[in-house]
Amino acid sequence: MKKEAEALKTQIEAARKAACDTDMASAASGVAPAPRVQLKTRRTLKGHLAKIYAMHWSTDNKLMVSASQDGKLLIWDSHSGNKVNAVPLKSSWVMTCAYAPSGNLVASGGLDNMCTVYNLKTPVIKTVKELDAHTGYLSCARFLSDTEILTSSGDTTCALWDLETGKQKTVFLNHVGDCMCLALSPDMNSFVSGACDSLAKLWDIRDGQCKQTFQGHTSDINAISFYPSGNAIITGSDDCTCKMYDLRADQEVIGYQDAALNSGVTSLALSVSGRLVFAGYDDFNCNIWDSLKGEKVGVLSGHDNRVSCTGVPVDGMCVCTGSWDSFLKIWN
Amino acid sequence: MDVYCSNNVLQARRAVEQLRLETELQRIKISAAAEQLVQYCQEHRRADPLLTGIAASSNPFKDKKTCVLL
């Protein structure tokens, strides 16, 4: 079987090489360079008492949820800077949070191996489900709707859950390392996951199959996002680089790296056209990359500790960074 | 010992099946793929506030000037 595996791998590499007639930077050589991006901090959201591990925008472009190891989820009105809600967590070892597209629900999870879903619209915020089946930590969760949620876990699997029954509908098996992040495709038919096996995988949500595997990183992939057209993905890794993989060419088309950078990438988010990549690093900064040319076009400096999460709302009007320094900052 | 061996075999078998699946993929040339990504960026660049900049009057995050009562 080992021989067969090696033969198949060689075949795949040959097919990729045949498709590799150029790279993104060359293809984009005719494009005007992106302007130098200088964003100002418009809001500093203070309220968490410990490291912030995750944040997620609501689709209304105003509210957002953040999760901290102080044991709370905070819902913020980003325009006023006020806290709208606080959700106390049973387990303070939270690693992820998510806002449902409807705005009705939020979810959290972490070292408790569970994904807990809360209803924000009842008079008092209620826990509506505790999704308990993963055998490893919950690294990421994303709602498809009020009835389905996707999770990624340290047990190397991802899962699609039915929120009405609280059971797993589909389990996505193929990674051989902890799954660290996931991102939904714009058309909601597929998702990608990044793992500690340094691979990113594309999955079909309905049939549960791994369709494609992307290699190139040399360490854990901590962050992943779809390019807005749905034809490419961007990954961020502990190897200090980010990469763009095109889904149809089935390979890396450009890398975002700098010899001077020797901190891992913790998080990333894209501007609405896909041109700008906001990548958060362990070195307390968020670097802004031109996705087409691979050049650094700006920096967001202001946090006093690792940037652990970044997010751009649907309308693209700002970028939010969250940090181990316990603050969230809104920039535009 | 037996369980360990069969787990490895199972994992190897899964890996081979996955590789077989991935070999079937129809790949397009990077030049064609990259062109489409560039085109998407260009078509949407005017609608990207972080790229074009936001006028103070339409920026929901701009600090509102406080009213001073004289």
# chains A, B, ... in the order shown; residues from 1 in each chain; ligands from 1
>>> residues_around(residues="Gln42 (chain B)", least_positions_apart="5", cutoff="9 Å", atoms="only C-alpha atoms", output="ChimeraX atom specification")
/A:31,273,275 /B:37
>>> write_last_selection(atoms="N, CA, C and O atoms", output="CSV table (one decimal), in the first residue's frame")
chain,number,residue,atom,x,y,z
A,31,VAL,N,-1.4,44.7,-12.7
A,31,VAL,CA,-2.3,45.4,-11.8
A,31,VAL,C,-1.6,46.5,-11.0
A,31,VAL,O,-0.5,46.4,-10.6
A,273,SER,N,-13.1,42.9,-1.3
A,273,SER,CA,-12.7,42.5,-2.6
A,273,SER,C,-11.7,41.4,-2.7
A,273,SER,O,-11.4,40.9,-3.7
A,275,ARG,N,-8.6,41.9,-1.9
A,275,ARG,CA,-7.3,42.4,-2.2
A,275,ARG,C,-6.4,42.5,-1.0
A,275,ARG,O,-5.2,42.3,-1.1
B,37,LEU,N,-9.0,35.4,-10.4
B,37,LEU,CA,-8.8,36.0,-9.1
B,37,LEU,C,-8.6,37.5,-9.2
B,37,LEU,O,-9.1,38.3,-8.5
>>> interface_residues(of="chain A", to="chain B", cutoff="7 Å", atoms="only C-alpha atoms", output="ChimeraX atom specification")
/A:5,8-9,11-12,19-24,27-28,42,79,211-212,229,246,248-250,271-275,292,316-318,332
>>> select_by_dssp(residues="region 37-191 of chain A", states="strand (DSSP E or B)", output="ChimeraX atom specification")
/A:41-45,52-57,63-68,72-77,82-88,94-99,105-110,114-119,126-132,138-143,148-153,157-162,167-173,179-184,190-191
>>> closest_residue(among="A:Cys242, A:Val319, A:Val192, A:Met1", to="Gln209 (chain A)", atoms="only C-alpha atoms")
A:Val192
>>> select_by_dssp(residues="chain B", states="helix (DSSP H, G or I)", output="MDAnalysis selection string")
chainID B and resid 2:23 30:47 49:52 56:58
>>> residues_around(residues="Gln168 (chain A)", least_positions_apart="5", cutoff="12 Å", atoms="only C-alpha atoms", output="PDB file with all heavy atoms, in the first residue's frame")
ATOM      1  N   CYS A 115     -19.303  22.155  22.184  1.00  0.00           N
ATOM      2  CA  CYS A 115     -19.726  23.400  21.562  1.00  0.00           C
ATOM      3  C   CYS A 115     -21.059  23.751  22.237  1.00  0.00           C
ATOM      4  O   CYS A 115     -22.014  22.978  22.162  1.00  0.00           O
ATOM      5  CB  CYS A 115     -19.901  23.224  20.065  1.00  0.00           C
ATOM      6  SG  CYS A 115     -20.459  24.716  19.248  1.00  0.00           S
ATOM      7  N   GLU A 130     -25.854  21.730  24.244  1.00  0.00           N
ATOM      8  CA  GLU A 130     -24.442  21.455  24.508  1.00  0.00           C
ATOM      9  C   GLU A 130     -24.067  20.309  23.574  1.00  0.00           C
ATOM     10  O   GLU A 130     -24.592  19.194  23.728  1.00  0.00           O
ATOM     11  CB  GLU A 130     -24.221  21.068  25.975  1.00  0.00           C
ATOM     12  CG  GLU A 130     -24.250  22.276  26.886  1.00  0.00           C
ATOM     13  CD  GLU A 130     -24.084  21.933  28.354  1.00  0.00           C
ATOM     14  OE1 GLU A 130     -24.354  20.780  28.729  1.00  0.00           O
ATOM     15  OE2 GLU A 130     -23.692  22.832  29.121  1.00  0.00           O
ATOM     16  N   LEU A 131     -23.242  20.598  22.561  1.00  0.00           N
ATOM     17  CA  LEU A 131     -22.910  19.588  21.554  1.00  0.00           C
ATOM     18  C   LEU A 131     -21.668  18.846  22.031  1.00  0.00           C
ATOM     19  O   LEU A 131     -20.563  19.373  22.042  1.00  0.00           O
ATOM     20  CB  LEU A 131     -22.657  20.274  20.204  1.00  0.00           C
ATOM     21  CG  LEU A 131     -23.802  21.186  19.753  1.00  0.00           C
ATOM     22  CD1 LEU A 131     -23.413  21.946  18.495  1.00  0.00           C
ATOM     23  CD2 LEU A 131     -25.075  20.392  19.526  1.00  0.00           C
ATOM     24  N   ASP A 132     -21.916  17.595  22.444  1.00  0.00           N
ATOM     25  CA  ASP A 132     -20.894  16.836  23.146  1.00  0.00           C
ATOM     26  C   ASP A 132     -20.618  15.539  22.411  1.00  0.00           C
ATOM     27  O   ASP A 132     -21.425  14.621  22.478  1.00  0.00           O
ATOM     28  CB  ASP A 132     -21.434  16.544  24.554  1.00  0.00           C
ATOM     29  CG  ASP A 132     -20.369  16.034  25.476  1.00  0.00           C
ATOM     30  OD1 ASP A 132     -19.199  15.895  25.059  1.00  0.00           O
ATOM     31  OD2 ASP A 132     -20.709  15.775  26.639  1.00  0.00           O
ATOM     32  N   ALA A 133     -19.546  15.470  21.639  1.00  0.00           N
ATOM     33  CA  ALA A 133     -19.188  14.205  20.990  1.00  0.00           C
ATOM     34  C   ALA A 133     -17.713  14.213  20.581  1.00  0.00           C
ATOM     35  O   ALA A 133     -17.112  13.162  20.405  1.00  0.00           O
ATOM     36  CB  ALA A 133     -20.052  13.923  19.760  1.00  0.00           C
ATOM     37  N   HIS A 134     -17.159  15.412  20.446  1.00  0.00           N
ATOM     38  CA  HIS A 134     -15.732  15.468  20.125  1.00  0.00           C
ATOM     39  C   HIS A 134     -14.927  14.921  21.293  1.00  0.00           C
ATOM     40  O   HIS A 134     -15.319  15.059  22.454  1.00  0.00           O
ATOM     41  CB  HIS A 134     -15.306  16.924  19.856  1.00  0.00           C
ATOM     42  CG  HIS A 134     -15.625  17.398  18.475  1.00  0.00           C
ATOM     43  ND1 HIS A 134     -15.142  16.783  17.340  1.00  0.00           N
ATOM     44  CD2 HIS A 134     -16.383  18.444  18.049  1.00  0.00           C
ATOM     45  CE1 HIS A 134     -15.589  17.430  16.276  1.00  0.00           C
ATOM     46  NE2 HIS A 134     -16.342  18.439  16.678  1.00  0.00           N
ATOM     47  N   THR A 147     -30.078  26.068  12.497  1.00  0.00           N
ATOM     48  CA  THR A 147     -30.269  24.641  12.738  1.00  0.00           C
ATOM     49  C   THR A 147     -29.037  23.786  12.463  1.00  0.00           C
ATOM     50  O   THR A 147     -29.050  22.584  12.728  1.00  0.00           O
ATOM     51  CB  THR A 147     -31.432  24.079  11.891  1.00  0.00           C
ATOM     52  OG1 THR A 147     -31.173  24.441  10.523  1.00  0.00           O
ATOM     53  CG2 THR A 147     -32.758  24.668  12.330  1.00  0.00           C
ATOM     54  N   GLU A 148     -27.987  24.377  11.943  1.00  0.00           N
ATOM     55  CA  GLU A 148     -26.774  23.587  11.661  1.00  0.00           C
ATOM     56  C   GLU A 148     -25.515  24.361  12.018  1.00  0.00           C
ATOM     57  O   GLU A 148     -25.434  25.573  11.773  1.00  0.00           O
ATOM     58  CB  GLU A 148     -26.691  23.252  10.178  1.00  0.00           C
ATOM     59  CG  GLU A 148     -27.679  22.187   9.729  1.00  0.00           C
ATOM     60  CD  GLU A 148     -27.518  21.873   8.250  1.00  0.00           C
ATOM     61  OE1 GLU A 148     -27.452  22.818   7.438  1.00  0.00           O
ATOM     62  OE2 GLU A 148     -27.431  20.686   7.909  1.00  0.00           O
ATOM     63  N   ILE A 149     -24.533  23.652  12.575  1.00  0.00           N
ATOM     64  CA  ILE A 149     -23.257  24.293  12.906  1.00  0.00           C
ATOM     65  C   ILE A 149     -22.111  23.336  12.565  1.00  0.00           C
ATOM     66  O   ILE A 149     -22.255  22.111  12.676  1.00  0.00           O
ATOM     67  CB  ILE A 149     -23.238  24.725  14.395  1.00  0.00           C
ATOM     68  CG1 ILE A 149     -22.067  25.664  14.681  1.00  0.00           C
ATOM     69  CG2 ILE A 149     -23.186  23.505  15.328  1.00  0.00           C
ATOM     70  CD1 ILE A 149     -22.149  26.348  16.056  1.00  0.00           C
ATOM     71  N   LEU A 150     -20.992  23.910  12.124  1.00  0.00           N
ATOM     72  CA  LEU A 150     -19.793  23.138  11.789  1.00  0.00           C
ATOM     73  C   LEU A 150     -18.771  23.359  12.887  1.00  0.00           C
ATOM     74  O   LEU A 150     -18.601  24.486  13.340  1.00  0.00           O
ATOM     75  CB  LEU A 150     -19.162  23.673  10.505  1.00  0.00           C
ATOM     76  CG  LEU A 150     -19.507  23.023   9.182  1.00  0.00           C
ATOM     77  CD1 LEU A 150     -18.884  23.839   8.062  1.00  0.00           C
ATOM     78  CD2 LEU A 150     -19.009  21.585   9.118  1.00  0.00           C
ATOM     79  N   THR A 151     -18.076  22.296  13.291  1.00  0.00           N
ATOM     80  CA  THR A 151     -17.027  22.455  14.301  1.00  0.00           C
ATOM     81  C   THR A 151     -15.748  21.786  13.842  1.00  0.00           C
ATOM     82  O   THR A 151     -15.777  20.844  13.041  1.00  0.00           O
ATOM     83  CB  THR A 151     -17.437  21.804  15.637  1.00  0.00           C
ATOM     84  OG1 THR A 151     -17.755  20.421  15.392  1.00  0.00           O
ATOM     85  CG2 THR A 151     -18.634  22.493  16.257  1.00  0.00           C
ATOM     86  N   THR A 157     -10.942  15.708  13.868  1.00  0.00           N
ATOM     87  CA  THR A 157     -12.118  15.669  12.997  1.00  0.00           C
ATOM     88  C   THR A 157     -12.819  17.012  12.949  1.00  0.00           C
ATOM     89  O   THR A 157     -12.613  17.866  13.812  1.00  0.00           O
ATOM     90  CB  THR A 157     -13.152  14.628  13.470  1.00  0.00           C
ATOM     91  OG1 THR A 157     -13.796  15.132  14.655  1.00  0.00           O
ATOM     92  CG2 THR A 157     -12.509  13.285  13.770  1.00  0.00           C
ATOM     93  N   CYS A 158     -13.655  17.178  11.931  1.00  0.00           N
ATOM     94  CA  CYS A 158     -14.598  18.285  11.882  1.00  0.00           C
ATOM     95  C   CYS A 158     -15.966  17.618  11.879  1.00  0.00           C
ATOM     96  O   CYS A 158     -16.086  16.440  11.531  1.00  0.00           O
ATOM     97  CB  CYS A 158     -14.413  19.113  10.611  1.00  0.00           C
ATOM     98  SG  CYS A 158     -12.817  19.927  10.509  1.00  0.00           S
ATOM     99  N   ALA A 159     -17.001  18.369  12.278  1.00  0.00           N
ATOM    100  CA  ALA A 159     -18.319  17.751  12.300  1.00  0.00           C
ATOM    101  C   ALA A 159     -19.402  18.760  11.959  1.00  0.00           C
ATOM    102  O   ALA A 159     -19.270  19.954  12.238  1.00  0.00           O
ATOM    103  CB  ALA A 159     -18.582  17.150  13.676  1.00  0.00           C
ATOM    104  N   LEU A 160     -20.476  18.259  11.331  1.00  0.00           N
ATOM    105  CA  LEU A 160     -21.667  19.061  11.056  1.00  0.00           C
ATOM    106  C   LEU A 160     -22.725  18.568  12.031  1.00  0.00           C
ATOM    107  O   LEU A 160     -23.009  17.379  12.095  1.00  0.00           O
ATOM    108  CB  LEU A 160     -22.139  18.845   9.615  1.00  0.00           C
ATOM    109  CG  LEU A 160     -23.446  19.543   9.243  1.00  0.00           C
ATOM    110  CD1 LEU A 160     -23.251  21.055   9.214  1.00  0.00           C
ATOM    111  CD2 LEU A 160     -23.948  19.050   7.887  1.00  0.00           C
ATOM    112  N   TRP A 161     -23.319  19.482  12.799  1.00  0.00           N
ATOM    113  CA  TRP A 161     -24.288  19.120  13.830  1.00  0.00           C
ATOM    114  C   TRP A 161     -25.678  19.608  13.466  1.00  0.00           C
ATOM    115  O   TRP A 161     -25.832  20.684  12.880  1.00  0.00           O
ATOM    116  CB  TRP A 161     -23.924  19.768  15.166  1.00  0.00           C
ATOM    117  CG  TRP A 161     -22.569  19.470  15.670  1.00  0.00           C
ATOM    118  CD1 TRP A 161     -21.383  19.994  15.213  1.00  0.00           C
ATOM    119  CD2 TRP A 161     -22.222  18.619  16.764  1.00  0.00           C
ATOM    120  NE1 TRP A 161     -20.327  19.516  15.948  1.00  0.00           N
ATOM    121  CE2 TRP A 161     -20.816  18.676  16.920  1.00  0.00           C
ATOM    122  CE3 TRP A 161     -22.969  17.827  17.645  1.00  0.00           C
ATOM    123  CZ2 TRP A 161     -20.144  17.961  17.911  1.00  0.00           C
ATOM    124  CZ3 TRP A 161     -22.301  17.117  18.629  1.00  0.00           C
ATOM    125  CH2 TRP A 161     -20.897  17.186  18.754  1.00  0.00           C
ATOM    126  N   ASP A 162     -26.678  18.845  13.888  1.00  0.00           N
ATOM    127  CA  ASP A 162     -28.072  19.242  13.784  1.00  0.00           C
ATOM    128  C   ASP A 162     -28.412  19.882  15.133  1.00  0.00           C
ATOM    129  O   ASP A 162     -28.352  19.228  16.167  1.00  0.00           O
ATOM    130  CB  ASP A 162     -28.934  17.999  13.526  1.00  0.00           C
ATOM    131  CG  ASP A 162     -30.411  18.328  13.447  1.00  0.00           C
ATOM    132  OD1 ASP A 162     -30.880  19.270  14.123  1.00  0.00           O
ATOM    133  OD2 ASP A 162     -31.117  17.630  12.705  1.00  0.00           O
ATOM    134  N   LEU A 163     -28.745  21.167  15.129  1.00  0.00           N
ATOM    135  CA  LEU A 163     -29.003  21.851  16.387  1.00  0.00           C
ATOM    136  C   LEU A 163     -30.340  21.494  17.014  1.00  0.00           C
ATOM    137  O   LEU A 163     -30.590  21.809  18.169  1.00  0.00           O
ATOM    138  CB  LEU A 163     -28.890  23.372  16.199  1.00  0.00           C
ATOM    139  CG  LEU A 163     -27.448  23.846  15.993  1.00  0.00           C
ATOM    140  CD1 LEU A 163     -27.412  25.348  15.739  1.00  0.00           C
ATOM    141  CD2 LEU A 163     -26.592  23.514  17.197  1.00  0.00           C
ATOM    142  N   GLY A 208     -19.746  14.714   2.875  1.00  0.00           N
ATOM    143  CA  GLY A 208     -18.759  14.396   3.902  1.00  0.00           C
ATOM    144  C   GLY A 208     -17.377  14.061   3.382  1.00  0.00           C
ATOM    145  O   GLY A 208     -16.481  13.716   4.156  1.00  0.00           O
TER     146      GLY A 208
END
>>> residues_around(residues="Gly264 (chain A)", least_positions_apart="2", cutoff="12 Å", atoms="only C-alpha atoms", output="number ranges by chain")
A: 217-223, 235-242, 257-258, 261-262, 266-268, 279-287, 306-308
>>> closest_residue(among="A:Val265, A:Val176, A:Leu184, A:Ala86", to="Ile233 (chain A)", atoms="only C-alpha atoms")
A:Leu184
>>> atom_distance(atom1="CA of Gly30 (chain A)", atom2="CA of Leu300 (chain A)")
27.5 Å
>>> closest_residue(among="A:Ser139, A:Ser323, A:Ser91, A:Ser58", to="Thr156 (chain A)", atoms="only C-alpha atoms")
A:Ser139
>>> closest_residue(among="A:Lys40, A:Lys126, A:His56, A:Lys17", to="Pro313 (chain A)", atoms="only C-alpha atoms")
A:His56
>>> residues_around(residues="His175 (chain A)", least_positions_apart="6", cutoff="9 Å", atoms="only C-alpha atoms", output="number ranges by chain")
A: 156-157, 193-197, 199-201
>>> decode(residues="region 13-26 of chain B", atoms="all heavy atoms", output="short mmCIF file (atom, residue, chain, number, x, y, z; two decimals), in the first residue's frame")
data_model
loop_
_atom_site.label_atom_id
_atom_site.label_comp_id
_atom_site.auth_asym_id
_atom_site.auth_seq_id
_atom_site.Cartn_x
_atom_site.Cartn_y
_atom_site.Cartn_z
N ARG B 13 -4.83 2.67 4.52
CA ARG B 13 -5.85 2.38 3.50
C ARG B 13 -6.64 3.65 3.17
O ARG B 13 -6.90 3.95 2.01
CB ARG B 13 -6.79 1.28 3.99
CG ARG B 13 -7.79 0.82 2.93
CD ARG B 13 -8.40 -0.54 3.28
NE ARG B 13 -7.43 -1.62 3.18
CZ ARG B 13 -7.48 -2.74 3.90
NH1 ARG B 13 -8.44 -2.93 4.80
NH2 ARG B 13 -6.58 -3.69 3.75
N ARG B 14 -7.02 4.38 4.24
CA ARG B 14 -7.77 5.63 4.06
C ARG B 14 -6.95 6.62 3.24
O ARG B 14 -7.46 7.31 2.36
CB ARG B 14 -8.06 6.26 5.42
CG ARG B 14 -9.53 6.35 5.72
CD ARG B 14 -9.79 7.11 6.98
NE ARG B 14 -10.80 6.43 7.77
CZ ARG B 14 -10.83 6.39 9.09
NH1 ARG B 14 -9.90 6.97 9.80
NH2 ARG B 14 -11.79 5.75 9.72
N ALA B 15 -5.65 6.69 3.56
CA ALA B 15 -4.77 7.63 2.86
C ALA B 15 -4.70 7.30 1.37
O ALA B 15 -4.78 8.18 0.53
CB ALA B 15 -3.38 7.61 3.48
N VAL B 16 -4.59 6.01 1.05
CA VAL B 16 -4.52 5.58 -0.35
C VAL B 16 -5.84 5.89 -1.07
O VAL B 16 -5.84 6.40 -2.19
CB VAL B 16 -4.19 4.08 -0.47
CG1 VAL B 16 -4.37 3.59 -1.89
CG2 VAL B 16 -2.75 3.82 -0.01
N GLU B 17 -6.97 5.62 -0.39
CA GLU B 17 -8.28 5.91 -1.01
C GLU B 17 -8.42 7.40 -1.30
O GLU B 17 -8.92 7.79 -2.35
CB GLU B 17 -9.41 5.48 -0.07
CG GLU B 17 -9.77 4.02 -0.23
CD GLU B 17 -10.59 3.47 0.93
OE1 GLU B 17 -11.22 4.27 1.65
OE2 GLU B 17 -10.59 2.24 1.10
N GLN B 18 -7.97 8.21 -0.35
CA GLN B 18 -8.05 9.67 -0.52
C GLN B 18 -7.18 10.11 -1.69
O GLN B 18 -7.59 10.92 -2.51
CB GLN B 18 -7.64 10.38 0.77
CG GLN B 18 -7.73 11.89 0.71
CD GLN B 18 -9.14 12.39 0.45
OE1 GLN B 18 -10.13 11.78 0.84
NE2 GLN B 18 -9.25 13.51 -0.25
N LEU B 19 -5.97 9.54 -1.77
CA LEU B 19 -5.06 9.89 -2.86
C LEU B 19 -5.65 9.50 -4.21
O LEU B 19 -5.55 10.25 -5.18
CB LEU B 19 -3.69 9.22 -2.67
CG LEU B 19 -2.80 9.86 -1.59
CD1 LEU B 19 -1.62 8.97 -1.27
CD2 LEU B 19 -2.32 11.23 -2.03
N ARG B 20 -6.31 8.34 -4.25
CA ARG B 20 -6.94 7.88 -5.51
C ARG B 20 -7.96 8.91 -5.97
O ARG B 20 -8.03 9.28 -7.14
CB ARG B 20 -7.64 6.54 -5.30
CG ARG B 20 -6.73 5.35 -5.43
CD ARG B 20 -7.51 4.07 -5.68
NE ARG B 20 -6.70 2.92 -5.28
CZ ARG B 20 -7.08 1.98 -4.41
NH1 ARG B 20 -8.28 2.02 -3.87
NH2 ARG B 20 -6.26 1.00 -4.10
N LEU B 21 -8.78 9.38 -4.99
CA LEU B 21 -9.81 10.38 -5.27
C LEU B 21 -9.19 11.65 -5.81
O LEU B 21 -9.65 12.22 -6.80
CB LEU B 21 -10.54 10.69 -3.96
CG LEU B 21 -12.01 11.00 -4.02
CD1 LEU B 21 -12.66 10.28 -2.84
CD2 LEU B 21 -12.28 12.48 -3.87
N GLU B 22 -8.12 12.09 -5.16
CA GLU B 22 -7.51 13.37 -5.53
C GLU B 22 -6.79 13.31 -6.86
O GLU B 22 -6.63 14.33 -7.53
CB GLU B 22 -6.57 13.85 -4.40
CG GLU B 22 -7.37 14.26 -3.15
CD GLU B 22 -6.50 14.77 -2.01
OE1 GLU B 22 -5.32 15.09 -2.26
OE2 GLU B 22 -7.01 14.86 -0.88
N THR B 23 -6.37 12.12 -7.27
CA THR B 23 -5.70 11.98 -8.57
C THR B 23 -6.67 12.28 -9.70
O THR B 23 -6.28 12.76 -10.76
CB THR B 23 -5.15 10.55 -8.76
OG1 THR B 23 -4.71 10.06 -7.50
CG2 THR B 23 -4.01 10.52 -9.72
N GLU B 24 -7.97 12.01 -9.46
CA GLU B 24 -8.98 12.19 -10.51
C GLU B 24 -9.30 13.65 -10.80
O GLU B 24 -9.94 13.95 -11.80
CB GLU B 24 -10.30 11.51 -10.08
CG GLU B 24 -10.18 10.03 -9.77
CD GLU B 24 -9.71 9.24 -10.97
OE1 GLU B 24 -10.30 9.41 -12.04
OE2 GLU B 24 -8.75 8.46 -10.83
N LEU B 25 -8.89 14.55 -9.92
CA LEU B 25 -9.26 15.96 -10.04
C LEU B 25 -8.79 16.57 -11.35
O LEU B 25 -7.67 16.35 -11.79
CB LEU B 25 -8.65 16.73 -8.86
CG LEU B 25 -9.08 18.17 -8.66
CD1 LEU B 25 -10.52 18.22 -8.20
CD2 LEU B 25 -8.18 18.85 -7.64
N GLN B 26 -9.70 17.33 -11.98
CA GLN B 26 -9.33 18.06 -13.20
C GLN B 26 -8.76 19.40 -12.77
O GLN B 26 -9.47 20.18 -12.12
CB GLN B 26 -10.59 18.32 -14.07
CG GLN B 26 -11.21 17.07 -14.66
CD GLN B 26 -10.24 16.35 -15.57
OE1 GLN B 26 -9.58 16.96 -16.40
NE2 GLN B 26 -10.14 15.04 -15.40
#
